[in-house]
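In what follows, a structure is listed as structure tokens, so that the remarks can point back to it.
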Amino acid sequence: MPDKPLGRKGVQVIEVVVGACVIHSVVVYSDRAEVRRTVPASLAAGENEVLLTGLAECVDKNSIRVEGQGAAVITDVIYSSDTSETGKGVASSGSKEEYEGLRAEIREREGELKRLRFKEEVLGRQRTLLRKFADHVSKGQSGKDDSDSVGVLVEGERVACVLEFFQRYEEKVASLDERTMEVQQNIRQLEKKIRALKANAEKINPVAKVVSKETIRSLRVGLEAREATDIALVVSYVVSNASWASAYDVRVFSKNKALKVQY
């Protein structure tokens with residue numbers, strides 16, 4: 001079925017909520033159920049349209065079938081699903097000047113947060129570079145063959161230099177770690193501050209709106225009658241959120257050796 005409205009003018013429209021229609025029958029399967037509802041309608045002479053609203057999300061649109069009983073001809077059966085946004089204003093607890101002031105402070109704090117994150121990245125790069133250089137020194141890569149590396153490292157003056165380097169390396173790494181932890185703590189505090197500022201700004205926003213989305217699923221049935229008449233439509237569809245399983249209660253009576261099965 002095409003998901004589009006009929007869009008015809010000069011047609012009598014009869015709107016019916018599907019949940020208010022009488023259930024004709026229900027057949028439940030293991031993973032779905034087929035529902036049949038009776039929809040009565042009083043038609044005028046000429047073109048008419050029965051609009052069934054309130055179809056659930058679980059209805060399979062491809063399973064919808066419509067049958068008619070009465071002196072009229074079904075000309076169209078069209079399913080439609082329209083999503084719209086609705087918004088309503090929220091009473092403001094502050095002035096526009098207060099709101100603009102908070103927005104300016106938020107922008108300032110976000111700029112500060114950006115600088116702190118860049119500083120954290122620089123400190124991380126420094127630590128990575130220092131670690132790579134330490135690995136290079138520990139492997140004895142002094143420009144000679146690997147076979148001479150051990151001999152180079154065990155020379156007295158070089159041993160002292162290497163030990164001094166690693167001592168300074170540990171101090172530098174500890175300093176970088178301390179500065180990184182301080183920056184990360186400042187980032188967390190600033191993020192918390194920005195969240196609080198945004199929450200306050202939202203409360204006093206003079207143009208704030210609560211926006212919600214609503215999906216309306218409906219079925220349009222076009223009908224043509226030669227004269228005013230009453231008809232009944234039988235609408236059937238499949239829903240996916242239904243299931244069925246058999247259960248039995250078996251009782252054995254030892255006295256008379258009888259077996260009773262309740263379904």
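Residues are referred to by chain and number: the chain letter is A, B, ... according to the order shown in the structure tokens, the number counts from 1 in that chain, and ligands are numbered separately from 1 in the order shown.
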Residues within 7 Å of A:Ile194, please, as a PDB file with C-alpha atoms, in the first residue's frame. Count only C-alpha atoms; anything in the same chain fewer than 4 positions from it doesn't count.
```pdb
ATOM      1  CA  ILE A 106      29.982  28.990  28.679  1.00  0.00           C
ATOM      2  CA  ARG A 109      34.892  28.072  29.716  1.00  0.00           C
ATOM      3  CA  LEU A 190      35.808  22.459  34.142  1.00  0.00           C
ATOM      4  CA  LYS A 198      24.377  24.904  30.535  1.00  0.00           C
TER       5      LYS A 198
END
```
Name all residues at most 9 Å from A:Val173 (count only C-alpha atoms; drop same-chain ones fewer than 6 positions away) and give them as a PyMOL selection string. chain A and resi 127+130-131
List the neighbours of stretch 244-253 of chain A out to 10 Å using only C-alpha atoms; skip same-chain residues closer than 2 positions along the sequence, and give me the result as a CSV table (one decimal) with N, CA and C atoms, in the first residue's frame.
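The new file part33.csv reads:
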```
chain,number,residue,atom,x,y,z
A,27,VAL,N,-7.2,-14.2,16.0
A,27,VAL,CA,-6.6,-15.5,15.8
A,27,VAL,C,-5.1,-15.3,16.2
A,28,VAL,N,-4.7,-16.0,17.2
A,28,VAL,CA,-3.4,-15.9,17.8
A,28,VAL,C,-2.5,-17.0,17.3
A,29,TYR,N,-1.3,-16.7,16.8
A,29,TYR,CA,-0.3,-17.7,16.3
A,29,TYR,C,0.9,-17.7,17.3
A,30,SER,N,1.9,-18.4,17.0
A,30,SER,CA,3.0,-18.5,17.9
A,30,SER,C,3.8,-17.2,18.1
A,31,ASP,N,3.8,-16.4,17.0
A,31,ASP,CA,4.6,-15.2,17.0
A,31,ASP,C,3.9,-13.9,16.6
A,32,ARG,N,2.6,-14.0,16.4
A,32,ARG,CA,1.8,-12.9,15.9
A,32,ARG,C,0.3,-13.2,16.1
A,33,ALA,N,-0.5,-12.2,15.8
A,33,ALA,CA,-2.0,-12.4,15.9
A,33,ALA,C,-2.7,-11.6,14.8
A,242,ALA,N,2.3,-10.4,19.8
A,242,ALA,CA,1.4,-11.4,20.4
A,242,ALA,C,1.9,-12.8,20.2
A,255,LYS,N,-7.5,-43.7,42.8
A,255,LYS,CA,-8.6,-44.5,43.4
A,255,LYS,C,-9.3,-45.3,42.3
A,256,ASN,N,-9.7,-44.5,41.3
A,256,ASN,CA,-10.5,-45.2,40.2
A,256,ASN,C,-9.7,-45.3,38.9
A,257,LYS,N,-8.4,-45.1,39.0
A,257,LYS,CA,-7.4,-45.2,37.9
A,257,LYS,C,-7.9,-44.3,36.7
A,258,ALA,N,-8.3,-43.1,37.0
A,258,ALA,CA,-8.8,-42.2,35.9
A,258,ALA,C,-7.8,-41.1,35.6
A,259,LEU,N,-7.7,-40.7,34.4
A,259,LEU,CA,-6.8,-39.6,34.0
A,259,LEU,C,-7.7,-38.4,33.4
A,260,LYS,N,-7.4,-37.3,34.0
A,260,LYS,CA,-8.1,-36.1,33.6
A,260,LYS,C,-7.1,-35.0,33.0
A,261,VAL,N,-7.4,-34.6,31.8
A,261,VAL,CA,-6.6,-33.6,31.1
A,261,VAL,C,-7.4,-32.3,30.9
A,262,GLN,N,-6.9,-31.2,31.5
A,262,GLN,CA,-7.5,-29.9,31.3
A,262,GLN,C,-6.7,-29.1,30.3
A,263,TYR,N,-7.3,-28.5,29.3
A,263,TYR,CA,-6.6,-27.7,28.3
A,263,TYR,C,-6.7,-26.2,28.7
```
Using only C-alpha atoms, determine which residues lie at most 10 Å from A:Leu223, disregarding the query and same-chain residues fewer than 3 positions distant; provide the list as an MDAnalysis selection string. chainID A and resid 11:12 43:44 46:50 68 72:77 220
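Here atom CA of A:Ile204 and atom CA of A:Arg107 stand 17.0 Å from one another.
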Counting only C-alpha atoms, what is within 7 Å of A:Asn241, bar same-chain residues fewer than 2 positions away, as a ChimeraX atom specification? /A:32,58,239,243
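Shortest atom-to-atom contact with A:Tyr99 among A:Glu202, A:Val26, A:Val238, A:Leu219: A:Glu202, counting only C-alpha atoms.
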Run DSSP on the backbone and grab whatever in stretch 49-141 of chain A lands in strand (DSSP E or B); send it over as a ChimeraX atom specification. /A:49-53,59-69,73-89
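Picture a line from atom CA of A:Ala174 to atom CA of A:Leu129; it runs 14.5 Å.
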With only C-alpha atoms as the counted atoms, please give the residues lying no more than 8 Å from A:Asp82, apart from itself and same-chain residues fewer than 2 positions off, as a list in words.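 What passes the distance filter is Ser80, Ser84, Thr215, Ile216 and Arg217 of chain A.
Nearest residue to A:Asp135, choosing from A:Phe165, A:Glu108, A:Glu121, A:Arg195 and counting only C-alpha atoms: A:Phe165.
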Point out the residue among A:Val221, A:Glu170, A:Asp230, A:Gly54 with the least atom-to-atom distance to A:Glu67, counting only C-alpha atoms.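 Ranked by minimum distance to A:Glu67, first place goes to A:Val221.
Closest approach to A:Arg226 from the set A:Arg115, A:Ile64, A:Val35, A:Gly70 is made by A:Gly70, with distances taken over only C-alpha atoms.
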Mind checking which residues fall within 12 Å of stretch 116-120 of chain A, counting only C-alpha atoms, ignoring those fewer than 3 positions away in the same chain, and posting them as a VMD selection string? chain A and resid 109 to 113 123 to 127 176 to 191
From the list A:Leu197, A:Ser240, A:Glu214, A:Cys161, which residue is nearest A:Ala104 when using only C-alpha atoms? A:Leu197
Secondary structure check, helix (DSSP H, G or I) residues of stretch 9-257 of chain A, as a PyMOL selection string: chain A and resi 18-20+96-138+146-153+156-203
Quick one: write out the picked residues with C-alpha atoms as an mmCIF file, in the first residue's frame?
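And here is the file that came out, out-v8.cif:
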```cif
data_model
loop_
_atom_site.group_PDB
_atom_site.id
_atom_site.type_symbol
_atom_site.label_atom_id
_atom_site.label_comp_id
_atom_site.auth_asym_id
_atom_site.auth_seq_id
_atom_site.Cartn_x
_atom_site.Cartn_y
_atom_site.Cartn_z
ATOM 1 C CA VAL A 18 -9.523 2.037 15.775
ATOM 2 C CA GLY A 19 -9.426 1.147 19.461
ATOM 3 C CA ALA A 20 -13.097 2.062 19.791
ATOM 4 C CA LYS A 96 17.503 37.738 28.429
ATOM 5 C CA GLU A 97 20.553 39.575 29.820
ATOM 6 C CA GLU A 98 21.158 36.811 32.375
ATOM 7 C CA TYR A 99 20.833 34.170 29.683
ATOM 8 C CA GLU A 100 23.278 35.939 27.341
ATOM 9 C CA GLY A 101 25.707 36.363 30.238
ATOM 10 C CA LEU A 102 25.635 32.635 30.951
ATOM 11 C CA ARG A 103 26.108 31.820 27.260
ATOM 12 C CA ALA A 104 29.163 34.108 27.149
ATOM 13 C CA GLU A 105 30.628 32.415 30.230
ATOM 14 C CA ILE A 106 29.982 28.990 28.679
ATOM 15 C CA ARG A 107 31.886 30.006 25.537
ATOM 16 C CA GLU A 108 34.766 31.277 27.660
ATOM 17 C CA ARG A 109 34.892 28.072 29.716
ATOM 18 C CA GLU A 110 34.729 25.926 26.580
ATOM 19 C CA GLY A 111 37.725 27.838 25.161
ATOM 20 C CA GLU A 112 39.601 27.208 28.398
ATOM 21 C CA LEU A 113 38.660 23.524 28.208
ATOM 22 C CA LYS A 114 39.998 23.328 24.664
ATOM 23 C CA ARG A 115 43.342 24.780 25.790
ATOM 24 C CA LEU A 116 43.570 22.313 28.687
ATOM 25 C CA ARG A 117 42.928 19.359 26.385
ATOM 26 C CA PHE A 118 45.649 20.588 24.041
ATOM 27 C CA LYS A 119 48.031 20.864 27.001
ATOM 28 C CA GLU A 120 47.143 17.294 28.014
ATOM 29 C CA GLU A 121 47.934 16.141 24.489
ATOM 30 C CA VAL A 122 51.320 17.951 24.494
ATOM 31 C CA LEU A 123 52.289 16.378 27.815
ATOM 32 C CA GLY A 124 51.388 12.971 26.452
ATOM 33 C CA ARG A 125 53.555 13.536 23.402
ATOM 34 C CA GLN A 126 56.497 14.643 25.599
ATOM 35 C CA ARG A 127 56.213 11.503 27.690
ATOM 36 C CA THR A 128 56.064 9.306 24.588
ATOM 37 C CA LEU A 129 59.118 11.005 23.084
ATOM 38 C CA LEU A 130 61.074 10.687 26.316
ATOM 39 C CA ARG A 131 60.210 6.997 26.598
ATOM 40 C CA LYS A 132 61.356 6.346 23.031
ATOM 41 C CA PHE A 133 64.670 8.099 23.705
ATOM 42 C CA ALA A 134 65.141 6.057 26.890
ATOM 43 C CA ASP A 135 64.549 2.859 24.915
ATOM 44 C CA HIS A 136 67.158 3.989 22.410
ATOM 45 C CA VAL A 137 69.736 4.597 25.153
ATOM 46 C CA SER A 138 69.006 1.333 26.952
ATOM 47 C CA ASP A 146 75.120 -4.505 18.067
ATOM 48 C CA SER A 147 78.080 -6.728 18.937
ATOM 49 C CA ASP A 148 79.885 -3.693 20.395
ATOM 50 C CA SER A 149 76.898 -2.327 22.300
ATOM 51 C CA VAL A 150 77.600 -4.215 25.496
ATOM 52 C CA GLY A 151 81.205 -3.100 25.476
ATOM 53 C CA VAL A 152 80.201 0.509 25.006
ATOM 54 C CA LEU A 153 77.730 0.409 27.858
ATOM 55 C CA GLY A 156 83.086 3.522 33.139
ATOM 56 C CA GLU A 157 82.230 7.021 31.938
ATOM 57 C CA ARG A 158 79.383 5.834 29.776
ATOM 58 C CA VAL A 159 77.897 3.836 32.630
ATOM 59 C CA ALA A 160 77.887 6.979 34.749
ATOM 60 C CA CYS A 161 76.278 8.981 31.951
ATOM 61 C CA VAL A 162 73.626 6.353 31.388
ATOM 62 C CA LEU A 163 72.837 6.138 35.106
ATOM 63 C CA GLU A 164 72.607 9.912 35.320
ATOM 64 C CA PHE A 165 70.294 9.980 32.285
ATOM 65 C CA PHE A 166 67.920 7.410 33.755
ATOM 66 C CA GLN A 167 67.871 9.280 37.056
ATOM 67 C CA ARG A 168 66.862 12.433 35.252
ATOM 68 C CA TYR A 169 64.483 10.385 33.099
ATOM 69 C CA GLU A 170 62.641 9.149 36.196
ATOM 70 C CA GLU A 171 62.442 12.694 37.572
ATOM 71 C CA LYS A 172 61.175 14.058 34.253
ATOM 72 C CA VAL A 173 58.581 11.277 33.868
ATOM 73 C CA ALA A 174 57.365 11.847 37.430
ATOM 74 C CA SER A 175 57.081 15.568 36.707
ATOM 75 C CA LEU A 176 55.163 14.930 33.468
ATOM 76 C CA ASP A 177 52.829 12.483 35.217
ATOM 77 C CA GLU A 178 52.149 14.963 38.007
ATOM 78 C CA ARG A 179 51.415 17.775 35.538
ATOM 79 C CA THR A 180 49.199 15.449 33.461
ATOM 80 C CA MET A 181 47.183 14.433 36.521
ATOM 81 C CA GLU A 182 46.759 18.081 37.477
ATOM 82 C CA VAL A 183 45.585 18.986 33.963
ATOM 83 C CA GLN A 184 43.161 16.031 33.879
ATOM 84 C CA GLN A 185 41.709 17.061 37.237
ATOM 85 C CA ASN A 186 41.240 20.618 35.965
ATOM 86 C CA ILE A 187 39.519 19.230 32.846
ATOM 87 C CA ARG A 188 37.059 17.208 34.947
ATOM 88 C CA GLN A 189 36.278 20.194 37.161
ATOM 89 C CA LEU A 190 35.808 22.459 34.142
ATOM 90 C CA GLU A 191 33.529 19.940 32.382
ATOM 91 C CA LYS A 192 31.390 19.778 35.528
ATOM 92 C CA LYS A 193 31.274 23.566 35.666
ATOM 93 C CA ILE A 194 30.212 23.792 31.993
ATOM 94 C CA ARG A 195 27.422 21.240 32.524
ATOM 95 C CA ALA A 196 26.100 23.272 35.462
ATOM 96 C CA LEU A 197 26.249 26.505 33.441
ATOM 97 C CA LYS A 198 24.377 24.904 30.535
ATOM 98 C CA ALA A 199 21.699 23.562 32.894
ATOM 99 C CA ASN A 200 21.227 27.026 34.426
ATOM 100 C CA ALA A 201 21.112 28.627 30.985
ATOM 101 C CA GLU A 202 18.442 26.157 29.858
ATOM 102 C CA LYS A 203 16.320 26.997 32.904
#
```
